Each structure stands twice: as C-alpha cells, then as structure tokens.
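Peer 1: Below is the file my_file_14.cif, which contains mmCIF, C-alpha atoms.
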```cif
data_work
#
loop_
_atom_site.label_atom_id
_atom_site.label_comp_id
_atom_site.auth_asym_id
_atom_site.auth_seq_id
_atom_site.Cartn_x
_atom_site.Cartn_y
_atom_site.Cartn_z
CA MET A 29 -3.63 78.74 -91.51
CA LYS A 30 -1.56 75.75 -92.61
CA ARG A 31 0.90 76.34 -89.78
CA HIS A 32 -1.97 76.45 -87.31
CA THR A 33 -3.34 73.18 -88.67
CA ARG A 34 0.08 71.48 -88.47
CA THR A 35 0.47 72.66 -84.88
CA ILE A 36 -2.89 71.15 -83.96
CA GLN A 37 -1.94 67.90 -85.68
CA LEU A 38 1.37 67.78 -83.83
CA VAL A 39 -0.36 68.34 -80.51
CA LEU A 40 -2.85 65.59 -81.27
CA VAL A 41 -0.07 63.17 -82.23
CA LEU A 42 1.90 63.91 -79.06
CA GLY A 43 -1.25 63.54 -77.01
CA ALA A 44 -1.99 60.20 -78.63
CA ILE A 45 1.56 59.02 -77.93
CA GLY A 46 1.18 60.06 -74.31
CA LEU A 47 -2.13 58.21 -74.00
CA VAL A 48 -0.60 55.08 -75.52
CA ALA A 49 2.38 55.28 -73.13
CA ARG A 50 0.11 55.69 -70.12
CA ALA A 51 -2.07 52.84 -71.33
CA GLN A 52 0.98 50.61 -71.65
CA GLU A 53 2.11 51.59 -68.15
CA SER A 54 -1.32 50.91 -66.73
CA THR A 55 -1.46 47.49 -68.41
CA ALA A 56 2.07 46.54 -67.34
CA PRO A 57 1.99 43.45 -65.09
CA LEU A 58 2.49 44.16 -61.39
CA GLU A 59 5.33 42.59 -59.45
CA THR A 60 4.29 39.49 -57.54
CA LEU A 61 5.64 39.76 -54.02
CA THR A 62 5.43 36.71 -51.77
CA VAL A 63 5.90 36.95 -48.03
CA ASP A 64 9.25 35.15 -48.25
CA GLN A 65 10.47 37.56 -50.93
CA ALA A 66 9.40 40.51 -48.80
CA VAL A 67 11.30 39.15 -45.80
CA SER A 68 14.45 38.47 -47.87
CA TYR A 69 14.37 41.97 -49.36
CA ALA A 70 13.90 43.54 -45.92
CA LEU A 71 16.83 41.60 -44.44
CA GLU A 72 19.06 43.09 -47.14
CA HIS A 73 17.76 46.67 -47.23
CA ASN A 74 16.10 47.46 -43.89
CA PRO A 75 17.92 50.52 -42.43
CA SER A 76 17.57 49.46 -38.78
CA LEU A 77 19.72 46.36 -39.38
CA ARG A 78 22.77 48.47 -40.27
CA THR A 79 23.26 49.53 -36.64
CA ALA A 80 23.29 45.93 -35.43
CA GLU A 81 25.72 44.96 -38.22
CA LEU A 82 28.07 47.77 -37.14
CA GLU A 83 27.97 46.45 -33.56
CA VAL A 84 29.20 43.08 -34.85
CA LYS A 85 32.03 44.80 -36.72
CA LYS A 86 32.96 46.76 -33.58
CA ALA A 87 33.13 43.52 -31.59
CA GLU A 88 35.37 41.98 -34.27
CA GLU A 89 37.72 44.97 -34.14
CA ASN A 90 37.84 44.83 -30.33
CA LEU A 91 38.68 41.12 -30.47
CA SER A 92 41.49 41.71 -32.96
CA ALA A 93 42.82 44.56 -30.81
CA PHE A 94 42.80 42.45 -27.65
CA ARG A 95 44.70 39.61 -29.32
CA THR A 96 47.69 41.95 -29.68
CA ARG A 97 48.11 41.96 -25.88
CA ARG A 98 49.66 38.50 -26.12
CA LEU A 99 52.50 39.97 -28.21
CA PRO A 100 55.49 41.91 -26.88
CA SER A 101 54.74 45.46 -25.79
CA ILE A 102 57.19 48.08 -27.05
CA LYS A 103 57.28 51.42 -25.28
CA TRP A 104 59.49 54.44 -25.81
CA SER A 105 59.49 57.54 -23.60
CA THR A 106 61.54 60.71 -23.63
CA LEU A 107 61.78 63.43 -21.00
CA GLY A 108 63.40 66.72 -21.86
CA GLY A 109 63.57 69.68 -19.51
CA GLN A 110 65.52 72.27 -17.55
CA LEU A 111 67.31 71.34 -14.31
CA LEU A 112 65.96 73.40 -11.41
CA THR A 113 68.67 72.32 -8.95
CA LYS A 114 72.40 71.71 -9.19
CA PRO A 115 72.71 67.97 -8.73
CA SER A 116 76.07 66.50 -7.82
CA VAL A 117 77.67 63.09 -7.92
CA THR A 118 80.20 62.03 -5.25
CA PHE A 119 82.93 59.51 -6.09
CA ASP A 120 84.62 57.96 -3.04
CA GLN A 121 88.39 57.51 -2.89
CA GLY A 122 89.46 54.44 -4.86
CA VAL A 123 85.99 53.76 -6.19
CA PHE A 124 87.54 53.03 -9.59
CA GLY A 125 90.29 50.80 -8.08
CA THR A 126 93.85 51.05 -6.74
CA TYR A 127 96.72 50.52 -9.16
CA PRO A 128 100.47 49.93 -8.43
CA GLY A 129 102.50 53.05 -8.96
CA VAL A 130 99.36 55.10 -9.32
CA GLY A 131 97.41 54.53 -6.16
CA PRO A 132 93.69 54.81 -5.68
CA ILE A 133 91.50 56.41 -8.34
CA PRO A 134 90.35 58.95 -7.42
CA GLY A 135 92.99 59.79 -4.87
CA GLU A 136 90.44 61.47 -2.65
CA GLU A 137 86.72 61.91 -2.40
CA THR A 138 85.59 63.83 -5.44
CA LYS A 139 82.28 65.64 -5.98
CA VAL A 140 81.17 66.48 -9.49
CA HIS A 141 78.62 69.30 -9.78
CA ILE A 142 76.20 69.47 -12.68
CA PRO A 143 75.15 73.00 -13.61
CA ARG A 144 71.55 73.97 -14.22
CA LYS A 145 71.00 73.47 -17.93
CA PRO A 146 68.71 71.59 -20.36
CA THR A 147 68.90 67.80 -20.05
CA ALA A 148 67.10 64.79 -21.50
CA PHE A 149 66.31 61.19 -20.55
CA VAL A 150 65.39 58.49 -23.07
CA PHE A 151 63.91 55.20 -21.92
CA GLY A 152 62.85 52.22 -24.04
CA GLN A 153 61.27 48.93 -22.98
CA ILE A 154 60.24 45.64 -24.61
CA MET A 155 58.16 43.30 -22.41
CA GLN A 156 56.95 39.85 -23.45
CA PRO A 157 54.24 38.40 -21.16
CA LEU A 158 54.95 34.82 -20.11
CA SER A 159 52.76 33.59 -17.28
CA GLN A 160 50.02 36.04 -18.33
CA GLN A 161 49.46 34.07 -21.54
CA HIS A 162 46.99 31.77 -19.78
CA ARG A 163 44.86 34.65 -18.53
CA LEU A 164 45.14 36.52 -21.82
CA GLY A 165 44.05 33.41 -23.70
CA LEU A 166 40.96 33.16 -21.50
CA GLU A 167 40.19 36.83 -22.06
CA VAL A 168 40.54 36.38 -25.82
CA LYS A 169 37.91 33.65 -25.60
CA PHE A 170 35.77 35.98 -23.49
CA HIS A 171 35.95 38.70 -26.15
CA ASP A 172 35.24 36.14 -28.86
CA LEU A 173 32.09 35.14 -26.99
CA GLY A 174 31.20 38.84 -26.90
CA ARG A 175 31.54 38.93 -30.67
CA GLN A 176 29.32 35.88 -31.00
CA LEU A 177 26.84 37.53 -28.64
CA GLU A 178 26.64 40.57 -30.92
CA GLU A 179 26.06 38.22 -33.86
CA ALA A 180 23.23 36.60 -31.89
CA LYS A 181 21.78 40.05 -31.19
CA LEU A 182 21.97 40.78 -34.91
CA ALA A 183 20.14 37.52 -35.60
CA GLU A 184 17.49 38.52 -33.06
CA ARG A 185 17.12 41.90 -34.74
CA ARG A 186 16.83 40.23 -38.14
CA ALA A 187 14.15 37.92 -36.73
CA ALA A 188 12.30 40.96 -35.35
CA VAL A 189 12.41 42.66 -38.75
CA ALA A 190 11.21 39.46 -40.41
CA GLU A 191 8.34 39.27 -37.92
CA GLN A 192 7.39 42.90 -38.61
CA VAL A 193 7.40 42.25 -42.35
CA ARG A 194 5.28 39.11 -41.99
CA LYS A 195 2.74 40.87 -39.80
CA ALA A 196 2.53 43.81 -42.20
CA TYR A 197 2.17 41.42 -45.16
CA TYR A 198 -0.48 39.36 -43.37
CA ARG A 199 -2.40 42.49 -42.37
CA LEU A 200 -2.41 43.48 -46.03
CA LEU A 201 -3.59 39.99 -47.02
CA GLU A 202 -6.30 40.17 -44.37
CA THR A 203 -7.59 43.50 -45.70
CA GLN A 204 -7.43 42.32 -49.31
CA SER A 205 -9.27 39.11 -48.41
CA ALA A 206 -11.95 41.14 -46.66
CA LEU A 207 -12.29 43.35 -49.77
CA GLU A 208 -12.58 40.31 -52.03
CA SER A 209 -15.24 38.87 -49.75
CA VAL A 210 -17.23 42.11 -49.80
CA GLU A 211 -16.93 42.43 -53.59
CA GLN A 212 -18.15 38.86 -54.04
CA SER A 213 -21.17 39.51 -51.82
CA LEU A 214 -22.00 42.91 -53.32
CA PRO A 215 -23.78 41.51 -56.45
CA LEU A 216 -26.05 39.52 -54.17
CA TYR A 217 -27.02 42.66 -52.27
CA LYS A 218 -27.70 44.44 -55.56
CA GLU A 219 -29.85 41.52 -56.68
CA THR A 220 -31.82 41.88 -53.45
CA VAL A 221 -32.37 45.55 -54.26
CA ARG A 222 -33.61 44.61 -57.76
CA LEU A 223 -35.99 42.02 -56.34
CA ALA A 224 -37.24 44.54 -53.79
CA GLN A 225 -37.96 47.04 -56.56
CA VAL A 226 -39.88 44.39 -58.50
CA GLY A 227 -41.72 43.33 -55.36
CA LEU A 228 -42.61 46.95 -54.62
CA GLN A 229 -44.25 47.24 -58.06
CA LEU A 230 -46.12 43.98 -57.49
CA GLU A 231 -47.05 45.14 -53.98
CA THR A 232 -45.39 42.09 -52.39
CA VAL A 233 -42.72 44.19 -50.71
CA LEU A 234 -43.25 47.27 -48.57
CA ALA A 235 -41.52 50.57 -49.39
CA SER A 236 -39.64 50.46 -46.08
CA GLN A 237 -38.33 46.99 -46.92
CA GLN A 238 -37.17 48.18 -50.32
CA LEU A 239 -35.41 51.18 -48.75
CA LYS A 240 -33.78 48.91 -46.20
CA ALA A 241 -32.44 46.66 -48.98
CA GLU A 242 -30.98 49.71 -50.74
CA ALA A 243 -29.44 50.91 -47.46
CA GLU A 244 -27.79 47.54 -46.86
CA ALA A 245 -26.38 47.47 -50.40
CA ALA A 246 -25.06 51.02 -49.96
CA GLU A 247 -23.50 49.99 -46.66
CA VAL A 248 -21.68 47.12 -48.37
CA GLU A 249 -20.39 49.53 -51.04
CA LEU A 250 -19.18 51.84 -48.26
CA GLU A 251 -17.44 48.91 -46.59
CA ALA A 252 -15.62 48.14 -49.84
CA LEU A 253 -14.50 51.77 -50.10
CA LYS A 254 -13.33 51.77 -46.49
CA LEU A 255 -11.23 48.66 -47.23
CA ARG A 256 -9.59 50.03 -50.41
CA ASN A 257 -8.06 53.02 -48.61
CA PRO A 258 -6.25 50.94 -45.92
CA ILE A 259 -4.90 48.64 -48.63
CA ALA A 260 -3.02 51.53 -50.25
CA THR A 261 -1.70 52.66 -46.87
CA GLN A 262 -0.62 49.15 -45.89
CA MET A 263 1.18 48.64 -49.20
CA GLU A 264 3.13 51.88 -48.63
CA ALA A 265 3.98 50.84 -45.07
CA LEU A 266 5.22 47.44 -46.26
CA ASN A 267 7.39 49.05 -48.95
CA GLU A 268 8.88 51.39 -46.36
CA LEU A 269 9.57 48.51 -43.99
CA ILE A 270 11.44 46.43 -46.55
CA GLY A 271 13.50 49.46 -47.58
CA ARG A 272 12.30 50.44 -51.05
CA PRO A 273 10.27 53.36 -52.51
CA VAL A 274 6.86 53.49 -50.88
CA ASN A 275 5.03 53.93 -54.19
CA THR A 276 6.35 50.65 -55.66
CA PRO A 277 3.29 48.68 -56.88
CA PHE A 278 3.01 44.94 -56.27
CA ARG A 279 0.49 42.20 -55.72
CA THR A 280 0.42 39.79 -52.83
CA VAL A 281 0.15 36.02 -52.87
CA GLY A 282 -1.97 34.24 -50.31
CA VAL A 283 -1.05 30.96 -48.66
CA GLU A 284 -3.00 28.11 -50.18
CA HIS A 285 -1.66 25.23 -48.10
CA ILE A 286 -1.04 25.20 -44.37
CA ALA A 287 2.30 23.48 -43.87
CA GLU A 288 2.14 23.63 -40.08
CA GLU A 289 -0.75 21.18 -39.87
CA GLY A 290 1.51 18.14 -40.14
CA MET A 291 4.40 19.53 -38.09
CA ASP A 292 5.53 17.25 -35.28
CA PHE A 293 5.52 18.87 -31.85
CA GLY A 294 8.88 17.42 -30.84
CA ALA A 295 10.56 18.45 -34.08
CA ALA A 296 9.06 21.94 -33.85
CA ILE A 297 10.26 22.40 -30.27
CA GLN A 298 13.78 21.30 -31.16
CA LYS A 299 13.70 23.64 -34.14
CA GLY A 300 12.69 26.53 -31.91
CA LEU A 301 15.41 25.72 -29.34
CA SER A 302 18.08 25.59 -32.05
CA GLN A 303 16.95 28.60 -34.09
CA ARG A 304 15.75 31.11 -31.50
CA PRO A 305 18.38 33.89 -31.22
CA GLU A 306 17.42 34.45 -27.57
CA MET A 307 18.49 30.88 -26.78
CA ARG A 308 21.81 31.46 -28.50
CA GLN A 309 22.32 34.65 -26.51
CA VAL A 310 21.58 33.12 -23.12
CA SER A 311 23.87 30.18 -23.89
CA LEU A 312 26.70 32.57 -24.76
CA ARG A 313 26.11 34.53 -21.57
CA VAL A 314 26.45 31.31 -19.58
CA GLN A 315 29.77 30.59 -21.29
CA GLN A 316 30.92 34.16 -20.69
CA ALA A 317 30.04 34.00 -17.00
CA GLU A 318 31.85 30.68 -16.51
CA LEU A 319 34.87 31.97 -18.41
CA ASP A 320 34.89 35.13 -16.31
CA VAL A 321 35.27 32.96 -13.20
CA ARG A 322 38.32 31.28 -14.75
CA VAL A 323 39.81 34.66 -15.67
CA LYS A 324 39.44 35.88 -12.10
CA LYS A 325 40.96 32.64 -10.77
CA SER A 326 43.97 33.09 -13.06
CA GLU A 327 44.84 36.33 -11.23
CA TYR A 328 46.34 34.20 -8.46
CA ILE A 329 49.19 33.33 -10.87
CA PRO A 330 52.14 35.78 -10.54
CA ASP A 331 52.82 37.94 -13.58
CA VAL A 332 56.15 36.94 -15.14
CA SER A 333 57.48 38.82 -18.15
CA LEU A 334 60.65 38.73 -20.17
CA GLY A 335 61.98 42.27 -20.54
CA LEU A 336 64.59 44.27 -22.41
CA THR A 337 65.17 47.89 -21.31
CA TYR A 338 67.39 50.67 -22.57
CA GLY A 339 68.04 54.06 -20.96
CA SER A 340 70.09 57.05 -22.01
CA ALA A 341 70.88 60.39 -20.31
CA PHE A 342 71.99 63.48 -22.22
CA ASN A 343 73.87 66.63 -21.17
CA PHE A 344 74.93 65.46 -17.72
CA GLN A 345 78.68 66.09 -18.32
CA ASN A 346 79.31 62.32 -18.24
CA ALA A 347 78.50 62.32 -14.54
CA LEU A 348 75.97 59.58 -15.18
CA PRO A 349 76.25 56.60 -17.53
CA GLN A 350 74.94 57.70 -20.90
CA ASN A 351 73.66 54.35 -22.20
CA VAL A 352 72.36 51.50 -20.03
CA ALA A 353 70.73 48.33 -21.44
CA THR A 354 69.37 45.43 -19.40
CA ALA A 355 67.69 42.11 -20.14
CA GLY A 356 65.96 40.01 -17.54
CA VAL A 357 62.76 38.74 -15.99
CA LEU A 358 60.12 40.93 -14.35
CA LEU A 359 58.01 39.39 -11.57
CA GLU A 360 54.88 41.04 -10.18
CA TRP A 361 52.85 39.30 -7.49
CA GLU A 362 50.29 40.59 -5.05
CA VAL A 363 51.08 38.31 -2.13
CA PHE A 364 48.20 39.32 0.14
CA ASP A 365 44.94 40.91 -1.04
CA TRP A 366 42.80 40.71 2.15
CA GLY A 367 40.46 38.19 0.48
CA ARG A 368 39.50 40.56 -2.37
CA LYS A 369 40.12 38.09 -5.21
CA LYS A 370 38.16 35.35 -3.47
CA GLN A 371 35.15 37.57 -2.88
CA GLU A 372 35.22 38.84 -6.47
CA MET A 373 35.43 35.27 -7.76
CA ASN A 374 32.46 34.22 -5.58
CA ALA A 375 30.44 37.11 -7.03
CA LYS A 376 31.27 35.94 -10.54
CA ARG A 377 30.22 32.39 -9.62
CA HIS A 378 26.84 33.77 -8.55
CA THR A 379 26.59 35.56 -11.89
CA ALA A 380 27.28 32.28 -13.68
CA SER A 381 24.56 30.57 -11.63
CA GLN A 382 22.11 33.32 -12.58
CA ALA A 383 22.95 32.82 -16.26
CA ARG A 384 22.31 29.07 -16.00
CA VAL A 385 18.97 29.68 -14.26
CA ALA A 386 17.99 32.11 -17.05
CA GLU A 387 18.96 29.51 -19.66
CA GLU A 388 16.78 26.85 -18.05
CA ALA A 389 13.85 29.27 -17.75
CA LEU A 390 14.14 30.30 -21.40
CA ASP A 391 14.27 26.65 -22.46
CA ARG A 392 10.99 25.97 -20.68
CA ARG A 393 9.38 29.14 -22.04
CA ILE A 394 10.32 28.32 -25.64
CA ARG A 395 8.86 24.83 -25.30
CA VAL A 396 5.57 26.27 -24.05
CA GLU A 397 5.48 29.00 -26.72
CA VAL A 398 6.13 26.60 -29.61
CA ALA A 399 3.52 24.10 -28.44
CA GLN A 400 0.96 26.86 -27.88
CA ALA A 401 1.68 28.47 -31.27
CA LEU A 402 1.29 25.12 -33.06
CA ARG A 403 -2.06 24.49 -31.41
CA GLN A 404 -3.23 28.03 -32.11
CA CYS A 405 -2.17 27.85 -35.76
CA ALA A 406 -3.96 24.53 -36.27
CA GLU A 407 -7.07 25.85 -34.53
CA THR A 408 -7.22 29.09 -36.54
CA ALA A 409 -6.57 27.20 -39.79
CA GLN A 410 -9.54 24.96 -39.07
CA ARG A 411 -11.59 28.04 -38.17
CA VAL A 412 -10.79 29.54 -41.59
CA LYS A 413 -11.94 26.33 -43.31
CA VAL A 414 -15.19 26.29 -41.33
CA SER A 415 -15.89 29.98 -41.94
CA THR A 416 -15.12 29.61 -45.65
CA LEU A 417 -17.58 26.74 -46.00
CA SER A 418 -20.19 28.61 -43.96
CA GLN A 419 -19.72 31.72 -46.08
CA ARG A 420 -20.19 29.73 -49.28
CA ALA A 421 -23.28 28.11 -47.83
CA ALA A 422 -24.69 31.51 -46.84
CA ARG A 423 -24.10 32.94 -50.31
CA GLU A 424 -25.69 29.96 -51.97
CA GLY A 425 -28.57 30.17 -49.52
CA LEU A 426 -29.16 33.81 -50.40
CA ARG A 427 -29.11 32.98 -54.11
CA GLU A 428 -31.65 30.21 -53.52
CA GLN A 429 -33.91 32.49 -51.48
CA GLN A 430 -33.71 35.21 -54.12
CA SER A 431 -34.60 32.70 -56.84
CA ALA A 432 -37.41 31.29 -54.75
CA PHE A 433 -38.76 34.79 -54.05
CA GLY A 434 -38.81 35.44 -57.80
CA ARG A 435 -41.04 32.34 -58.12
CA GLU A 436 -43.09 33.57 -55.16
CA ALA A 437 -42.09 30.43 -53.22
CA VAL A 438 -40.78 32.25 -50.12
CA LEU A 439 -41.54 35.44 -48.29
CA TRP A 440 -39.44 38.60 -48.43
CA LYS A 441 -38.46 38.19 -44.79
CA ASP A 442 -36.77 34.89 -45.71
CA VAL A 443 -34.64 36.74 -48.27
CA LEU A 444 -33.66 39.38 -45.70
CA GLN A 445 -32.84 36.66 -43.15
CA SER A 446 -30.53 34.94 -45.66
CA GLN A 447 -28.87 38.28 -46.38
CA THR A 448 -28.37 38.86 -42.65
CA ASN A 449 -26.84 35.39 -42.35
CA LEU A 450 -24.43 36.20 -45.20
CA ALA A 451 -23.35 39.44 -43.50
CA ALA A 452 -22.66 37.51 -40.30
CA GLU A 453 -20.66 34.87 -42.17
CA ASP A 454 -18.65 37.55 -44.02
CA ASP A 455 -17.75 39.13 -40.70
CA GLU A 456 -16.77 35.75 -39.24
CA GLN A 457 -14.59 35.06 -42.28
CA ARG A 458 -12.70 38.33 -41.72
CA ARG A 459 -12.17 37.55 -38.05
CA ALA A 460 -11.05 33.99 -38.86
CA LEU A 461 -8.52 35.23 -41.43
CA ALA A 462 -7.19 37.84 -39.01
CA ALA A 463 -6.73 35.19 -36.31
CA TYR A 464 -5.02 32.82 -38.73
CA TRP A 465 -2.53 35.37 -40.05
CA SER A 466 -1.71 36.46 -36.51
CA ALA A 467 -1.19 32.85 -35.39
CA ARG A 468 0.96 32.12 -38.43
CA ALA A 469 3.22 35.11 -37.76
CA GLU A 470 3.51 34.11 -34.10
CA LEU A 471 4.49 30.56 -35.09
CA LYS A 472 7.24 31.88 -37.34
CA ARG A 473 8.50 34.03 -34.46
CA VAL A 474 8.60 31.30 -31.81
CA LEU A 475 10.39 28.98 -34.27
CA GLY A 476 13.06 31.66 -34.82
CA GLU A 477 12.61 31.69 -38.57
CA GLN A 478 13.81 34.59 -40.69
#
```
Translate the structure described by the file into structure tokens.

Peer 2:
Amino acid sequence: MKRHTRTIQLVLVLGAIGLVARAQESTAPLETLTVDQAVSYALEHNPSLRTAELEVKKAEENLSAFRTRRLPSIKWSTLGGQLLTKPSVTFDQGVFGTYPGVGPIPGEETKVHIPRKPTAFVFGQIMQPLSQQHRLGLEVKFHDLGRQLEEAKLAERRAAVAEQVRKAYYRLLETQSALESVEQSLPLYKETVRLAQVGLQLETVLASQQLKAEAEAAEVELEALKLRNPIATQMEALNELIGRPVNTPFRTVGVEHIAEEGMDFGAAIQKGLSQRPEMRQVSLRVQQAELDVRVKKSEYIPDVSLGLTYGSAFNFQNALPQNVATAGVLLEWEVFDWGRKKQEMNAKRHTASQARVAEEALDRRIRVEVAQALRQCAETAQRVKVSTLSQRAAREGLREQQSAFGREAVLWKDVLQSQTNLAAEDDEQRRALAAYWSARAELKRVLGEQ
C-alpha cells in the first residue's frame, strides 16, 4: 500500500514538473522579427541563392583559367608503334663531304633500309604568344565582365528573394491587422446583441432584429476565426522562405512611420538607377558587346609566337637524327578571308547597338517605375490614414448610438445603421492596408533595395 502511494506521489510530482515546464515555455517571450531582419536572414540562408552564388564562383574559375593563356604553352607528345613498311634513307655520293686522300663520303650512293620493328617519336614544344597578347588581354577583360555579370545576376536574385520576403511579411501584417481590427470591433457587436436582448424584453426591438444582431456578431466571430488560420499558414510560409524551421514562433512589427513621404523624386530615381541590378546587367552587356567588337578587330593582327621545339626518334638504326632542338619565331596569318572577319565584326557592332538601345530603354523604364511607385506609396499611405480615422469615427459613432439607445434617445435602426457603417469602414481599412503594403513592397523593388 505504501509503495502504491509513493508511486502515485511520484507521478503527481512529475506531472506537476511537466505542467510547470510547459507553462514556462508558453510564457516565454516570442522572438520579435522585423521585416529588415527577415530579409537579412533570408539573404544568408535562402536555398535558392546558393545556385546563383555557385555561378559566380564558376565565372571566377573560368576567368582564372583563361588568364593562363597569356603564359607559355608547354606540350609534350609521344608516338609509339610498329612500322608497317620498310622505310629507307638514301645518302648521295659525297653528301658528307670530300676529303683529301679519302675522297667523297660516301663513295657512292648508299641506301639504308630500316626493318619493320617497333619505333617511337617524342616531340616537345614551348610556345610563348607575343602579338596575341593584345587580343588575349581584351578577352580577359571580356571574361571579367562575364564574372561581373554573374555577380549582377546574383544581386538581382537576392533582390527577388528580398522582395518575396517583404511581400510575405506584409501579407502577414495585413492579415494580423485585419484580425486586430475585427477583434476591436467584436465587443461592439456583442454590446449590440445585449442591447437587442434588453430591447426585446422591453418590446422596443423586434425578435427578427434581435436575431439579426446575433447573426452579425456571429459573423464577426467567424471572420476572426477565418483570419487566425491564414496567419499560422503565412508564418510557416515566411519561415520556409527565409530558410529556417517552419514552426519557429515569432511576432511581427508594423511600420509606424512612412519614410517615403519625404523622399525626393530626383534622389529616388538616381537611387533606383544606381541600385537596380538590371541596370548593372545591361551596362555590363553594353561593355561586353563593345569589347567583343575590339576582340574581333584584333584578329587582323598576325599571330606571332616565340617557340622552342625538341624532337627525338628511337629505334631507327641511326638513319634519322635522334635529337633535334630548334628555337625561333612562329608566324601565322590568314592573308585573305573573303570578307569573313569584316562581316562578323559588323554583326558584333549591331549587337553592341542593340545593347545600347536596351540600356536607354531600361533607363527610361526605371525612371517611370520609381516615380509611379513613389506616387502610389504616398497615395496608399494617405488612404490608410483616412481609413483609420474613418474607422475610429465609425466605432465611436456606434458606441454613441448604443449609449443613446440605452437612454431611449435614438431608434434601433440608427444603431444598426451605425453598425453597418462600422463594417464598411473595417472592410475599407483592410483594403487600404493591403494596398499600402503592396505599394511599399513595390517601391522597395523599383529602388533595388535588398
């Protein structure tokens, strides 16, 4: 019996400890996550950015590899095999000279036959480009621009991720703001129900009117429930987007002050032109296209290289020289190309012109986008202010009508009309907040901010 009692006590103690631990966990403060913190975390941990970062590293490796072409090239080749024919070497009479008392060497035409047997050739070469250094230098710059272009693409991808995070964060803020608005209005609807019940007893309110008041309060409660479920889903989606466990709890922070209101149009446009990754990309493409024209033009220069070669033949019965080494200059020049280089260079000039046209078009588009986003952000911010004031006025008006109805100073229809006005203002507040968050995210995008 004592053992049974001790067991029960132990279970109760462990249960109490568990309850205390869960209570402490439930009362632990949630992490405060601002939109800027969410963007910074996503830029460090978002999985989709890894691919773009690897593209930059690939471009860096390709640039380093291409730089080696300006250095001497060292090649070594060996050919070993079985002779299929019987080659021969003929030495004319006196080919090695004529000496007093000896005569010509050889004294007569001599043919040396080489039997079919395994042989080998070894050939080595060291070539240092000389005149090609100009073209290679241009191509190094071309590859370096390609590396910078990949960096600009990475910046564009980072900006896209930042935009996705902001939009997800603002959608969450919008839903939470809508829930807060509904929860603030819900007590007023419940007060209307209470007044309707009192009025029904005093026979100043019809039963249908009382049921309608209860239905409207129940509808508001349903709206609050329908908003709580998306909040949990949106929090999980935001956690997944920034690259951390989806069940990580946090609380959001709204934006109290609108910094864009005082932003100068000219300064904002210049900021967008300097920060937009698309502008950086199109500028690099223009430089690449112009450099490509210069590379093609450099092909008119003959290729001159300084070379050192070495050759060796094995198992030829000394019929051939065994070791031969040479040092000299190698010249390669395509004298006549039937106008091919000129036509290719003209095509590249057209490509450069296309790149410049695209740059000018993007410049104009960015200017329009920034100006439009600034106007839209200012307009939606003012709309939020107006809707907030109207919502407060509608709530206060409903309170006044409810108080007046309790004093029998107004009719029940006036209370219902005030409640209808509040519902309309709540809906307008949600739409205004949605428009503002969308405009704010668009402004960040057109300014190229991460």

Peer 1: Excluding same-chain residues fewer than 6 positions from Ala353 of chain A, what lies within 9 Å of it counting only C-alpha atoms, as JSON, numbers by chain?

Peer 2: {"A": [336, 337, 338, 339, 340]}

Peer 1: Might you spell out which residues the PyMOL selection byres ((chain A and resi 76-89) around 7) would select in the displayed file, as an NGL selection string?

Peer 2: :A and (74-75 or 90-93 or 174-175 or 178-179 or 182 or 185-186)

Peer 1: So which one's closest to Ala224 of chain A, A:Ala241, A:Gln212, A:Pro305, A:Trp465? Using only C-alpha atoms, please.

Peer 2: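 Among A:Ala241, A:Gln212, A:Pro305, A:Trp465, it is A:Ala241 that comes nearest to Ala224 of chain A.
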
Peer 1: Evaluating the PyMOL selection byres ((chain A and resi 269) around 12) on the displayed file yields which residues, as a VMD selection string?

Peer 2: chain A and resid 66 to 77 188 to 197 262 to 268 270 to 274

Peer 1: Which of these, A:Ala341, A:Leu230, A:Val210, A:Val314, has the shortest distance to Gly108 of chain A once you count only C-alpha atoms?

Peer 2: A:Ala341

Peer 1: Return as a tab-separated table (two decimals) with C-alpha atoms, in the coordinates of the input the set of residues that the PyMOL selection byres ((chain A and resi 142) around 9) yields on the displayed structure.

Peer 2:
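Generated file (selection.tsv):
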```tsv
chain	number	residue	atom	x	y	z
A	113	THR	CA	68.67	72.32	-8.95
A	114	LYS	CA	72.40	71.71	-9.19
A	115	PRO	CA	72.71	67.97	-8.73
A	116	SER	CA	76.07	66.50	-7.82
A	117	VAL	CA	77.67	63.09	-7.92
A	140	VAL	CA	81.17	66.48	-9.49
A	141	HIS	CA	78.62	69.30	-9.78
A	143	PRO	CA	75.15	73.00	-13.61
A	144	ARG	CA	71.55	73.97	-14.22
A	145	LYS	CA	71.00	73.47	-17.93
A	344	PHE	CA	74.93	65.46	-17.72
A	345	GLN	CA	78.68	66.09	-18.32
A	347	ALA	CA	78.50	62.32	-14.54
```

Peer 1: Might you pull out every residue within 8 Å of segment 417-423 of chain A, with all atoms listed in the file counted and same-chain residues fewer than 5 positions away left off, and present them as a list in words?

Peer 2: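 Using all atoms listed in the file, the neighbours found are Ser213, Leu216, Ser446, Gln447, Asn449, Leu450, Glu453, Asp454 and Gln457 of chain A.
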
Peer 1: Considering all atoms listed in the file, state which residue in the set A:Leu173, A:Ala380, A:Leu471, A:Leu334 is at the smallest distance from Gln160 of chain A.

Peer 2: A:Leu334

Peer 1: For Ala386 of chain A, please output as a list in words all residues within 12 Å (counting all atoms listed in the file; exclusion window: fewer than 2 positions along the same chain).

Peer 2: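 Result of the neighbour search: Glu306, Met307, Gln309, Val310, Ser311, Leu312, Arg313, Val314, Thr379, Ala380, Ser381, Gln382, Ala383, Arg384, Glu388, Ala389, Leu390, Asp391, Arg392 and Arg393 of chain A.
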
Peer 1: Please compute the atom CA of Ala355 of chain A-atom CA of Gly335 of chain A distance, one decimal, in Å.

Peer 2: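 The value is 5.7 Å.
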